[in-house]
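Okay, protein36.csv now, which holds CSV, C-alpha atoms:
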chain,number,residue,atom,x,y,z
S,1,MET,CA,22.3,-19.5,32.5
S,2,SER,CA,20.5,-21.0,35.5
S,3,ILE,CA,17.1,-22.4,34.7
S,4,GLY,CA,14.8,-24.3,37.0
S,5,GLN,CA,12.0,-26.6,35.9
S,6,GLN,CA,9.0,-27.9,37.7
S,7,GLN,CA,6.0,-29.9,36.6
S,8,ARG,CA,2.6,-28.6,37.8
S,9,GLU,CA,0.1,-31.0,39.1
S,10,ASP,CA,-1.9,-32.4,36.2
S,11,PRO,CA,-5.4,-30.9,36.3
S,12,ALA,CA,-8.5,-32.6,34.9
S,13,ILE,CA,-8.5,-31.5,31.3
S,14,THR,CA,-11.2,-33.7,29.9
S,15,ARG,CA,-14.8,-32.6,30.2
S,16,ARG,CA,-17.3,-35.2,31.4
S,17,PRO,CA,-18.6,-37.0,28.3
S,18,LEU,CA,-22.3,-37.0,27.4
S,19,ASP,CA,-24.0,-40.2,28.3
S,20,GLU,CA,-24.4,-42.4,25.2
S,21,ARG,CA,-27.8,-43.7,26.3
S,22,SER,CA,-29.4,-40.3,27.0
S,23,HIS,CA,-27.5,-38.4,24.3
S,24,PRO,CA,-27.4,-40.4,21.1
S,25,THR,CA,-25.3,-39.5,18.1
S,26,ILE,CA,-27.2,-36.9,16.0
S,27,LEU,CA,-24.5,-36.2,13.3
S,28,GLU,CA,-21.8,-38.4,12.0
S,29,LEU,CA,-19.2,-37.9,9.2
S,30,ARG,CA,-17.3,-40.9,8.0
S,31,LYS,CA,-14.2,-40.3,5.9
S,32,VAL,CA,-16.0,-37.5,4.0
S,33,GLY,CA,-14.3,-35.8,1.0
S,34,CYS,CA,-15.3,-33.0,-1.3
S,35,ALA,CA,-13.5,-31.7,-4.3
S,36,TYR,CA,-13.4,-28.4,-6.2
S,37,GLU,CA,-14.5,-28.2,-9.8
S,38,LYS,CA,-11.0,-29.0,-11.1
S,39,GLY,CA,-10.7,-32.1,-9.0
S,40,ARG,CA,-8.5,-30.6,-6.2
S,41,SER,CA,-9.6,-31.7,-2.7
S,42,ALA,CA,-11.4,-29.2,-0.6
S,43,ILE,CA,-11.7,-31.6,2.3
S,44,ALA,CA,-10.5,-35.2,2.6
S,45,ASP,CA,-11.0,-38.1,5.1
S,46,ILE,CA,-13.1,-36.0,7.6
S,47,SER,CA,-14.6,-38.1,10.4
S,48,PHE,CA,-16.3,-37.0,13.6
S,49,SER,CA,-19.6,-37.4,15.4
S,50,VAL,CA,-21.8,-35.0,17.4
S,51,ARG,CA,-24.1,-36.1,20.2
S,52,GLU,CA,-27.6,-34.7,21.0
S,53,GLY,CA,-27.3,-31.4,22.7
S,54,GLU,CA,-23.6,-31.0,22.0
S,55,ILE,CA,-21.9,-27.9,20.5
S,56,LEU,CA,-19.1,-28.6,18.1
S,57,CYS,CA,-16.8,-26.0,16.6
S,58,LEU,CA,-15.1,-26.4,13.3
S,59,LEU,CA,-11.9,-24.4,13.8
S,60,GLY,CA,-9.2,-23.4,11.4
S,61,PRO,CA,-7.7,-20.7,9.2
S,62,SER,CA,-9.4,-19.4,6.1
S,63,GLY,CA,-9.5,-21.9,3.3
S,64,CYS,CA,-9.0,-24.9,5.5
S,65,GLY,CA,-12.3,-26.6,4.7
S,66,LYS,CA,-14.6,-25.4,7.5
S,67,THR,CA,-17.4,-24.0,5.4
S,68,THR,CA,-17.1,-26.8,2.9
S,69,THR,CA,-17.7,-29.3,5.7
S,70,LEU,CA,-20.7,-27.3,7.0
S,71,ARG,CA,-22.1,-27.2,3.5
S,72,ALA,CA,-21.7,-30.9,3.1
S,73,ILE,CA,-23.7,-31.4,6.4
S,74,ALA,CA,-26.4,-29.0,5.1
S,75,GLY,CA,-26.6,-30.7,1.7
S,76,PHE,CA,-25.4,-27.7,-0.3
S,77,GLU,CA,-22.2,-29.6,-1.2
S,78,PRO,CA,-22.2,-33.1,-2.7
S,79,VAL,CA,-19.6,-35.4,-1.2
S,80,GLY,CA,-17.2,-37.3,-3.5
S,81,ALA,CA,-16.2,-39.8,-0.8
S,82,GLY,CA,-17.5,-41.0,2.6
S,83,GLU,CA,-20.9,-40.7,4.2
S,84,VAL,CA,-22.9,-38.1,6.3
S,85,TYR,CA,-25.5,-39.3,8.7
S,86,LEU,CA,-28.2,-37.2,10.4
S,87,ALA,CA,-30.1,-38.9,13.3
S,88,GLY,CA,-29.0,-42.3,12.0
S,89,ARG,CA,-30.2,-41.6,8.4
S,90,LEU,CA,-27.7,-41.6,5.5
S,91,VAL,CA,-28.1,-38.1,3.9
S,92,SER,CA,-24.9,-37.8,1.8
S,93,SER,CA,-22.6,-40.2,0.0
S,94,PRO,CA,-21.2,-40.4,-3.6
S,95,ASP,CA,-24.5,-42.0,-4.6
S,96,THR,CA,-26.9,-40.2,-2.2
S,97,LEU,CA,-27.8,-36.6,-1.7
S,98,VAL,CA,-30.9,-35.9,0.4
S,99,PRO,CA,-32.1,-32.3,-0.4
S,100,THR,CA,-31.4,-29.7,2.2
S,101,GLU,CA,-35.1,-29.0,2.8
S,102,GLN,CA,-35.5,-32.7,3.8
S,103,ARG,CA,-32.7,-32.8,6.3
S,104,HIS,CA,-34.4,-30.7,8.9
S,105,VAL,CA,-31.3,-28.6,9.7
S,106,GLY,CA,-31.3,-25.0,10.7
S,107,MET,CA,-28.8,-22.6,9.1
S,108,VAL,CA,-27.5,-19.2,10.3
S,109,PHE,CA,-25.3,-17.5,7.6
S,110,GLN,CA,-22.6,-14.9,8.1
S,111,GLU,CA,-24.8,-12.1,6.7
S,112,TYR,CA,-28.0,-13.7,8.3
S,113,ALA,CA,-29.9,-13.7,5.0
S,114,LEU,CA,-33.0,-12.1,6.4
S,115,PHE,CA,-35.9,-11.2,4.1
S,116,PRO,CA,-35.7,-7.4,3.9
S,117,HIS,CA,-39.4,-6.9,2.9
S,118,LEU,CA,-40.6,-8.9,5.9
S,119,ARG,CA,-40.9,-7.7,9.5
S,120,VAL,CA,-39.3,-9.5,12.4
S,121,VAL,CA,-42.3,-11.6,13.2
S,122,GLU,CA,-42.8,-12.6,9.6
S,123,ASN,CA,-39.1,-13.6,9.2
S,124,VAL,CA,-39.2,-15.8,12.3
S,125,ALA,CA,-42.5,-17.4,11.1
S,126,PHE,CA,-41.3,-18.0,7.5
S,127,GLY,CA,-40.7,-21.7,7.8
S,128,LEU,CA,-43.8,-22.5,9.8
S,129,HIS,CA,-46.4,-22.1,7.1
S,130,ARG,CA,-47.7,-25.7,7.4
S,131,LEU,CA,-48.7,-25.2,11.1
S,132,PRO,CA,-52.2,-24.0,12.1
S,133,ALA,CA,-52.2,-20.2,12.6
S,134,ASP,CA,-52.6,-20.2,16.4
S,135,GLN,CA,-49.8,-22.8,16.9
S,136,ARG,CA,-47.6,-20.8,14.6
S,137,LYS,CA,-48.2,-17.6,16.4
S,138,ALA,CA,-47.6,-19.2,19.8
S,139,GLN,CA,-44.2,-20.7,18.7
S,140,VAL,CA,-43.1,-17.5,17.1
S,141,ARG,CA,-44.0,-15.5,20.2
S,142,THR,CA,-42.2,-17.9,22.5
S,143,MET,CA,-39.0,-17.8,20.4
S,144,ILE,CA,-39.0,-14.0,20.1
S,145,GLU,CA,-39.2,-13.8,23.9
S,146,MET,CA,-36.3,-16.3,24.2
S,147,VAL,CA,-34.0,-14.4,22.0
S,148,GLY,CA,-34.9,-11.0,23.6
S,149,LEU,CA,-36.7,-9.3,20.7
S,150,THR,CA,-40.0,-8.6,22.5
S,151,GLY,CA,-41.2,-5.2,21.3
S,152,LEU,CA,-39.4,-5.3,18.0
S,153,GLU,CA,-41.8,-7.7,16.2
S,154,ARG,CA,-43.0,-5.1,13.7
S,155,ARG,CA,-39.6,-3.8,12.7
S,156,TYR,CA,-37.9,-4.5,9.3
S,157,PRO,CA,-34.3,-5.9,9.2
S,158,HIS,CA,-32.9,-2.5,8.2
S,159,GLU,CA,-34.3,-1.0,11.4
S,160,LEU,CA,-32.3,-3.4,13.6
S,161,SER,CA,-28.8,-3.4,14.9
S,162,GLY,CA,-26.4,-6.2,13.8
S,163,GLY,CA,-26.9,-8.0,17.1
S,164,GLN,CA,-30.7,-7.8,16.7
S,165,GLN,CA,-30.5,-9.1,13.1
S,166,GLN,CA,-28.5,-12.1,14.4
S,167,ARG,CA,-31.1,-12.8,17.0
S,168,VAL,CA,-33.8,-12.8,14.3
S,169,ALA,CA,-31.8,-15.2,12.2
S,170,LEU,CA,-31.3,-17.5,15.3
S,171,ALA,CA,-35.0,-17.3,16.1
S,172,ARG,CA,-36.0,-18.2,12.6
S,173,ALA,CA,-33.7,-21.2,12.6
S,174,LEU,CA,-34.5,-22.4,16.1
S,175,VAL,CA,-38.3,-22.0,15.9
S,176,GLN,CA,-38.3,-25.0,13.5
S,177,LYS,CA,-36.7,-27.2,16.1
S,178,PRO,CA,-34.0,-28.5,13.8
S,179,VAL,CA,-32.1,-31.8,14.2
S,180,VAL,CA,-28.9,-29.7,14.1
S,181,LEU,CA,-28.2,-26.0,13.9
S,182,LEU,CA,-25.4,-24.9,11.6
S,183,LEU,CA,-23.8,-21.6,12.2
S,184,ASP,CA,-21.2,-20.1,9.7
S,185,GLU,CA,-19.0,-17.5,11.4
S,186,PRO,CA,-22.1,-16.1,13.2
S,187,PHE,CA,-20.2,-13.3,15.0
S,188,SER,CA,-18.1,-12.0,12.1
S,189,SER,CA,-20.3,-9.0,11.3
S,190,LEU,CA,-20.5,-7.8,14.9
S,191,ASP,CA,-18.2,-5.3,16.6
S,192,PRO,CA,-15.9,-6.7,19.3
S,193,ASP,CA,-17.9,-5.3,22.2
S,194,MET,CA,-21.1,-7.0,20.9
S,195,THR,CA,-19.4,-10.3,20.1
S,196,GLY,CA,-18.7,-11.3,23.7
S,197,LYS,CA,-22.3,-10.6,24.8
S,198,MET,CA,-23.7,-12.5,21.8
S,199,ARG,CA,-21.5,-15.5,22.5
S,200,GLU,CA,-22.9,-15.7,26.0
S,201,ASP,CA,-26.5,-15.3,24.8
S,202,LEU,CA,-26.1,-17.8,22.1
S,203,HIS,CA,-24.6,-20.4,24.4
S,204,ARG,CA,-27.4,-19.9,26.9
S,205,LEU,CA,-30.0,-20.2,24.2
S,206,LEU,CA,-28.5,-23.4,22.9
S,207,MET,CA,-28.4,-24.8,26.4
S,208,GLU,CA,-32.0,-23.8,27.1
S,209,THR,CA,-33.3,-25.3,23.9
S,210,LYS,CA,-31.1,-28.4,24.1
S,211,THR,CA,-30.0,-27.7,20.5
S,212,THR,CA,-27.3,-29.7,18.8
S,213,ALA,CA,-25.1,-27.2,17.0
S,214,VAL,CA,-22.1,-27.0,14.7
S,215,LEU,CA,-20.4,-23.6,14.6
S,216,VAL,CA,-17.7,-22.6,12.1
S,217,THR,CA,-15.0,-20.1,13.4
S,218,HIS,CA,-11.4,-19.1,12.8
S,219,ASP,CA,-11.2,-17.7,16.4
S,220,HIS,CA,-9.8,-20.2,18.9
S,221,GLU,CA,-11.1,-18.1,21.8
S,222,GLU,CA,-14.6,-18.3,20.4
S,223,ALA,CA,-14.3,-22.0,20.0
S,224,PHE,CA,-13.0,-22.4,23.6
S,225,ALA,CA,-15.9,-20.3,24.9
S,226,MET,CA,-18.6,-22.1,23.0
S,227,ALA,CA,-17.7,-25.7,22.2
S,228,ASP,CA,-18.0,-29.0,24.0
S,229,ARG,CA,-15.7,-30.4,21.4
S,230,ILE,CA,-13.6,-28.9,18.6
S,231,ALA,CA,-12.6,-30.2,15.2
S,232,VAL,CA,-9.4,-28.4,14.1
S,233,LEU,CA,-9.0,-28.4,10.3
S,234,ASN,CA,-5.9,-27.6,8.2
S,235,ASN,CA,-5.6,-27.8,4.4
S,236,GLY,CA,-8.8,-29.8,4.2
S,237,ARG,CA,-7.9,-32.4,6.7
S,238,LEU,CA,-8.8,-33.0,10.4
S,239,GLU,CA,-5.8,-32.4,12.6
S,240,GLN,CA,-7.5,-33.1,16.0
S,241,PHE,CA,-11.0,-33.7,17.4
S,242,ASP,CA,-11.2,-33.3,21.1
S,243,THR,CA,-12.3,-31.1,24.0
S,244,PRO,CA,-11.1,-27.5,24.2
S,245,GLU,CA,-8.9,-28.3,27.2
S,246,ALA,CA,-7.2,-31.2,25.6
S,247,ILE,CA,-6.6,-29.3,22.3
S,248,TYR,CA,-4.9,-26.5,24.2
S,249,HIS,CA,-2.9,-28.6,26.7
S,250,THR,CA,-2.1,-31.7,24.6
S,251,PRO,CA,-2.3,-30.7,21.0
S,252,ALA,CA,-1.9,-33.5,18.5
S,253,THR,CA,0.3,-31.6,16.0
S,254,PRO,CA,2.5,-28.5,16.0
S,255,PHE,CA,-0.1,-26.8,13.8
S,256,VAL,CA,-2.8,-27.3,16.4
S,257,ALA,CA,-0.4,-26.1,19.1
S,258,ASP,CA,0.4,-22.9,17.3
S,259,PHE,CA,-3.1,-22.2,16.1
S,260,VAL,CA,-5.0,-22.4,19.4
S,261,GLY,CA,-2.6,-20.1,21.3
S,262,GLN,CA,0.8,-18.7,21.3
S,263,ALA,CA,3.4,-21.4,21.3
S,264,ASP,CA,7.2,-21.5,21.1
S,265,PHE,CA,9.1,-24.6,19.9
S,266,ILE,CA,12.5,-25.3,21.4
S,267,PRO,CA,14.7,-28.0,19.8
S,268,GLY,CA,15.8,-30.8,22.0
S,269,LEU,CA,17.6,-34.1,22.0
S,270,VAL,CA,16.5,-37.4,23.7
S,271,GLU,CA,19.3,-38.5,26.0
S,272,ASN,CA,19.3,-40.8,29.0
S,273,GLY,CA,15.5,-40.9,29.2
S,274,THR,CA,15.0,-37.2,29.1
S,275,VAL,CA,14.9,-34.4,26.5
S,276,THR,CA,17.8,-32.0,26.8
S,277,THR,CA,17.2,-28.4,25.6
S,278,GLU,CA,18.8,-25.0,26.2
S,279,ILE,CA,16.2,-24.1,28.8
S,280,GLY,CA,16.4,-27.3,30.8
S,281,GLU,CA,15.5,-31.0,30.7
S,282,PHE,CA,12.0,-32.3,30.1
S,283,PRO,CA,10.4,-35.8,30.5
S,284,ASN,CA,10.4,-38.0,27.5
S,285,GLN,CA,6.7,-38.8,27.9
S,286,VAL,CA,6.2,-40.0,24.3
S,287,GLY,CA,9.0,-42.5,24.6
S,288,TYR,CA,11.2,-41.4,21.8
S,289,ARG,CA,14.4,-43.3,21.2
S,290,ARG,CA,17.7,-42.0,22.4
S,291,GLY,CA,19.3,-39.6,19.9
S,292,THR,CA,15.9,-38.5,18.4
S,293,LYS,CA,15.7,-34.8,17.6
S,294,VAL,CA,12.5,-33.3,18.9
S,295,VAL,CA,10.9,-29.9,19.6
S,296,VAL,CA,9.3,-29.1,22.9
S,297,MET,CA,6.2,-26.9,22.8
S,298,ILE,CA,6.2,-24.1,25.4
S,299,ARG,CA,3.4,-21.7,26.1
S,300,PRO,CA,3.8,-18.3,27.7
S,301,ASP,CA,2.0,-19.4,30.9
S,302,ASP,CA,4.5,-22.2,31.3
S,303,VAL,CA,7.4,-19.7,31.4
S,304,HIS,CA,8.1,-17.4,34.4
S,305,ILE,CA,10.9,-15.0,34.8
S,306,GLU,CA,12.9,-13.4,37.6
S,307,PRO,CA,15.4,-10.6,37.2
S,308,SER,CA,19.0,-12.0,37.6
S,309,GLU,CA,22.2,-10.3,36.7
S,310,HIS,CA,24.0,-13.7,36.4
S,311,CYS,CA,21.8,-15.0,33.5
S,312,ASP,CA,22.2,-14.7,29.7
S,313,ALA,CA,18.5,-14.6,28.8
S,314,ARG,CA,17.3,-11.1,28.2
S,315,ILE,CA,14.0,-9.3,27.8
S,316,LEU,CA,13.6,-8.2,24.2
S,317,ALA,CA,10.1,-6.7,24.4
S,318,ARG,CA,7.0,-6.3,26.6
S,319,GLN,CA,3.4,-6.1,25.5
S,320,PHE,CA,0.9,-4.8,28.1
S,321,ARG,CA,-2.4,-6.7,27.7
S,322,GLY,CA,-4.4,-5.3,30.5
S,323,SER,CA,-4.6,-8.3,32.8
S,324,GLU,CA,-1.0,-9.5,31.9
S,325,ASN,CA,2.3,-8.5,30.5
S,326,LEU,CA,3.6,-10.7,27.6
S,327,TYR,CA,7.4,-10.7,27.6
S,328,THR,CA,9.6,-11.8,24.6
S,329,ILE,CA,12.8,-13.4,26.0
S,330,GLY,CA,15.9,-13.8,23.9
S,331,LEU,CA,18.0,-16.9,24.6
S,332,PRO,CA,21.7,-17.2,24.0
S,333,SER,CA,21.2,-19.3,20.9
S,334,GLY,CA,19.1,-16.4,19.3
S,335,ARG,CA,15.8,-18.2,19.7
S,336,VAL,CA,13.0,-16.6,21.7
S,337,VAL,CA,10.4,-17.8,24.2
S,338,HIS,CA,7.5,-15.8,25.6
S,339,SER,CA,6.5,-15.4,29.2
S,340,SER,CA,3.1,-14.3,30.6
S,341,GLU,CA,3.4,-12.4,33.9
S,342,SER,CA,0.9,-10.4,36.0
S,343,SER,CA,0.1,-6.9,34.9
S,344,THR,CA,2.0,-5.6,37.9
S,345,ALA,CA,5.2,-7.4,37.0
S,346,VAL,CA,7.0,-4.7,35.0
S,347,TYR,CA,10.6,-5.3,34.0
S,348,PRO,CA,12.7,-3.1,31.7
S,349,VAL,CA,13.5,-4.2,28.2
S,350,GLY,CA,17.1,-5.5,28.1
S,351,SER,CA,17.0,-6.9,31.7
S,352,PRO,CA,18.8,-10.2,32.2
S,353,VAL,CA,16.3,-12.8,33.6
S,354,GLU,CA,16.2,-16.3,34.9
S,355,LEU,CA,13.7,-18.7,33.4
S,356,GLN,CA,11.6,-21.1,35.4
S,357,ILE,CA,9.5,-23.6,33.4
S,358,ILE,CA,6.4,-24.7,35.2
S,359,ALA,CA,4.6,-26.9,32.6
S,360,THR,CA,1.4,-28.7,33.1
S,361,HIS,CA,2.3,-31.1,30.3
S,362,THR,CA,5.4,-31.8,28.3
S,363,VAL,CA,4.3,-31.7,24.7
S,364,LEU,CA,6.9,-33.2,22.2
S,365,PHE,CA,7.0,-33.4,18.5
S,366,GLU,CA,9.6,-34.9,16.2
S,367,GLU,CA,11.7,-32.3,14.6
S,368,ASN,CA,10.6,-33.2,11.1
S,369,HIS,CA,6.9,-33.4,11.9
S,370,PRO,CA,4.9,-32.6,8.7
S,371,SER,CA,2.7,-30.0,10.3
S,372,ARG,CA,5.4,-28.2,12.2
S,373,PRO,CA,5.0,-24.4,11.9
S,374,PRO,CA,7.8,-22.5,10.1
S,375,GLY,CA,10.6,-20.9,12.0
Go through the file and emit its structure as structure tokens.
Amino acid sequence: MSIGQQQREDPAITRRPLDERSHPTILELRKVGCAYEKGRSAIADISFSVREGEILCLLGPSGCGKTTTLRAIAGFEPVGAGEVYLAGRLVSSPDTLVPTEQRHVGMVFQEYALFPHLRVVENVAFGLHRLPADQRKAQVRTMIEMVGLTGLERRYPHELSGGQQQRVALARALVQKPVVLLLDEPFSSLDPDMTGKMREDLHRLLMETKTTAVLVTHDHEEAFAMADRIAVLNNGRLEQFDTPEAIYHTPATPFVADFVGQADFIPGLVENGTVTTEIGEFPNQVGYRRGTKVVVMIRPDDVHIEPSEHCDARILARQFRGSENLYTIGLPSGRVVHSSESSTAVYPVGSPVELQIIATHTVLFEENHPSRPPG
């Protein structure tokens, strides 16, 4: 089997960091841990920080600790270890628990938690009872305009669509100008067509209001679209905290690599300064010792195929995805890799193909890495 390999030029994958002087740290978790009632850890040793105006996504599968982390930030969940700081103030530790109402955080729940007996304008104004009436009305009117609910002020929640209900929940949280806005799976109740529009609108709104936000999601595409930085959680622990680009291109663990996009893992052996695999040789960028068994992470957009009667790799399946075709390629060893090709590149199942690897980065993991996906 003839396989060629090239390295694409390394693009800039790190976003420009927020200036520390003009964007101070608003939220910081230091080695935070929370336990379930029976003592089993829900989260352990969670550390990250969020700067003013930044959007952070807590990303991971169900049960990984995302919502527990959010609840610890909000003050709904006491911490058994570590510390949580908001705007430089200690709000949670094993000996400290500042009540939620004193933390000045905004919260948008999955089901929005609107008051069914209150109209839109009354829901939005609910937390502003201490303001003078004229100031309260002005702030509510401005926020209703910002979220696009003008004309719906007198409606009750049951008279609104799911997207409109979400806008009310956002307006109610943002009108109080919280130190940080916490959002727990905010798009989970919306249909797919509405979700994309609401992501764009929410991102625009957070930018316009310069709101610091922490968003919980299990959808990596949602995290990529929304976040300045992402914290990937797995089994209650932080696997990686970085920009979306770095998490996709240079994942810290096999779990992260597999969770944020389709990835194949090809066994390799370090020999003579390179990694030898059945699909070609790769740079030993990590500097593993000779004889080390590793796996090379390959993404579908790293693999390109050309029909060739003289090759042993064959097309096992094709999935048409609109803008692309995703091919499953069987290798002589029985392992498979995937290739992303244009929607017009249509090849019959069973065709022999030549593989060309054009990888932006060579990502290597030791074969026995503790978070390696099964298979």
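Between atom CA of Ala81 of chain S and atom CA of Gly33 of chain S the interatomic distance comes to 4.8 Å.
Our summary of the geometry notes that atom CA of Asn325 of chain S is positioned 29.1 Å from atom CA of Val275 of chain S.
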As an exercise, work out the distance from atom CA of Arg119 of chain S to atom CA of Pro132 of chain S in Å and give it to one decimal place.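 About the pair atom CA of Arg119 of chain S and atom CA of Pro132 of chain S: they are 20.0 Å apart.
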Nearby residues (only C-alpha atoms) at most 10 Å from Leu149 of chain S, same-chain spacing under 4 positions excluded, as a list of chain:residue names: S:Val120, S:Val121, S:Arg141, S:Met143, S:Ile144, S:Glu145, S:Glu153, S:Gln164, S:Gln165, S:Arg167, S:Val168, S:Ala171
Between segment 250-334 of chain S and segment 200-221 of chain S, at 10 Å or less, what are the per-residue closest atom pairs and their distances in Å? Count all atoms listed in the file, order by chain and rising residue number, and return it as a tab-separated table.
residue	atom	partner	partner_atom	distance
S:Phe259	CA	S:His220	CA	7.5
S:Val260	CA	S:His220	CA	5.3
S:Gly261	CA	S:His220	CA	7.6
Need to verify the contact set: Val286 of chain S, 12 Å, all atoms listed in the file, exclusion of same-chain residues closer than 5 positions in sequence. Can you return it as a list of chain:residue names?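 Close residues of Val286 of chain S: S:Thr250, S:Ala252, S:Val270, S:Gly273, S:Thr274, S:Val275, S:Thr292, S:Val294, S:Val296, S:His361, S:Thr362, S:Val363, S:Leu364, S:Phe365, S:Glu366.
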Let me make sure I understand: among S:Ala223, S:Leu160, S:Val232, S:Ala313, which one has the smallest atom-to-atom distance to Phe48 of chain S if we use all atoms listed in the file?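 Using all atoms listed in the file, Phe48 of chain S sits closest to S:Val232.
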Distance query Val303 of chain S at most 10 Å, only C-alpha atoms, self and fewer than 6 positions along chain excluded, as a list in words: Gln5, Tyr327, Ile329, Val337, His338, Ser339, Ser340, Glu341, Leu355, Gln356, Ile357, Ile358 and Ala359 of chain S
Selection export as a PDB file, in the coordinates of the input, atoms kept: C-alpha atoms:
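The result, stored in selection-v3.pdb:
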ATOM      1  CA  GLN S   5      12.000 -26.600  35.900  1.00  0.00           C
ATOM      2  CA  TYR S 327       7.400 -10.700  27.600  1.00  0.00           C
ATOM      3  CA  ILE S 329      12.800 -13.400  26.000  1.00  0.00           C
ATOM      4  CA  VAL S 337      10.400 -17.800  24.200  1.00  0.00           C
ATOM      5  CA  HIS S 338       7.500 -15.800  25.600  1.00  0.00           C
ATOM      6  CA  SER S 339       6.500 -15.400  29.200  1.00  0.00           C
ATOM      7  CA  SER S 340       3.100 -14.300  30.600  1.00  0.00           C
ATOM      8  CA  GLU S 341       3.400 -12.400  33.900  1.00  0.00           C
ATOM      9  CA  LEU S 355      13.700 -18.700  33.400  1.00  0.00           C
ATOM     10  CA  GLN S 356      11.600 -21.100  35.400  1.00  0.00           C
ATOM     11  CA  ILE S 357       9.500 -23.600  33.400  1.00  0.00           C
ATOM     12  CA  ILE S 358       6.400 -24.700  35.200  1.00  0.00           C
ATOM     13  CA  ALA S 359       4.600 -26.900  32.600  1.00  0.00           C
TER      14      ALA S 359
END
Just checking: using all atoms listed in the file, which residue out of S:Asp301, S:Glu278, S:Glu324, S:Glu111 ends up closest to Gln262 of chain S?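 Looking at the shortest contact to Gln262 of chain S, the residue is S:Asp301.
Considering all atoms listed in the file, the residue among S:Glu54, S:Leu316, S:Gln285, S:Gly80 positioned nearest to Tyr36 of chain S is S:Gly80.
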Given only C-alpha atoms as the basis, pick out the residue of S:Glu28, S:Glu309, S:Glu245, S:Glu367 nearest to Gly291 of chain S.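 Going through S:Glu28, S:Glu309, S:Glu245, S:Glu367 one by one, the smallest distance to Gly291 of chain S is for S:Glu367.
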Write out as a Markdown table a residue-level contact list of segment 65-180 of chain S versus segment 188-194 of chain S with cut-off 8 Å: for each qualifying residue the closest pair of atoms and the distance in Å to one decimal, counting all atoms listed in the file, rows sorted by chain and residue number upward.
| residue | atom | partner | partner_atom | distance |
| --- | --- | --- | --- | --- |
| S:Gln110 | CA | S:Ser188 | CA | 6.7 |
| S:Glu111 | CA | S:Ser189 | CA | 7.1 |
| S:Gly162 | CA | S:Leu190 | CA | 6.2 |
| S:Gly163 | CA | S:Leu190 | CA | 6.8 |
Skipping near chain neighbours, those fewer than 2 positions away, what residues fall within 10 Å of Tyr347 of chain S using all atoms listed in the file, listed as a list in words?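 Residues meeting the cut-off are Ile305, Glu306, Pro307, Ile315, Ala317, Arg318, Asn325, Tyr327, Thr344, Ala345, Val349, Gly350, Ser351, Pro352 and Val353 of chain S.
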Residue nearest Ala125 of chain S - candidates S:Gln176, S:Tyr112, S:Tyr85, S:Ala231, atoms counted: only C-alpha atoms: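 So, comparing all the options, the nearest one is S:Gln176.
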Can you tell me which residues surround Arg335 of chain S at a distance of at most 12 Å, considering only C-alpha atoms, apart from same-chain residues fewer than 3 positions away, and format the answer as a list in words? Asp264, Phe265, Ile266, Pro267, Thr277, Glu278, Ile279, Ala313, Arg314, Leu316, Thr328, Ile329, Gly330, Leu331, Pro332, His338 and Gly375 of chain S
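With distances restricted to all atoms listed in the file, S:Leu269 is the closest residue to Glu281 of chain S from S:Ile247, S:Val147, S:Leu269, S:Leu114.
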Up to 9 Å from (-6.4, -26.2, 5.1) in the file's coordinates: name the residues, counting only C-alpha atoms, as a PyMOL selection string. chain S and resi 42-43+60-66+233-238
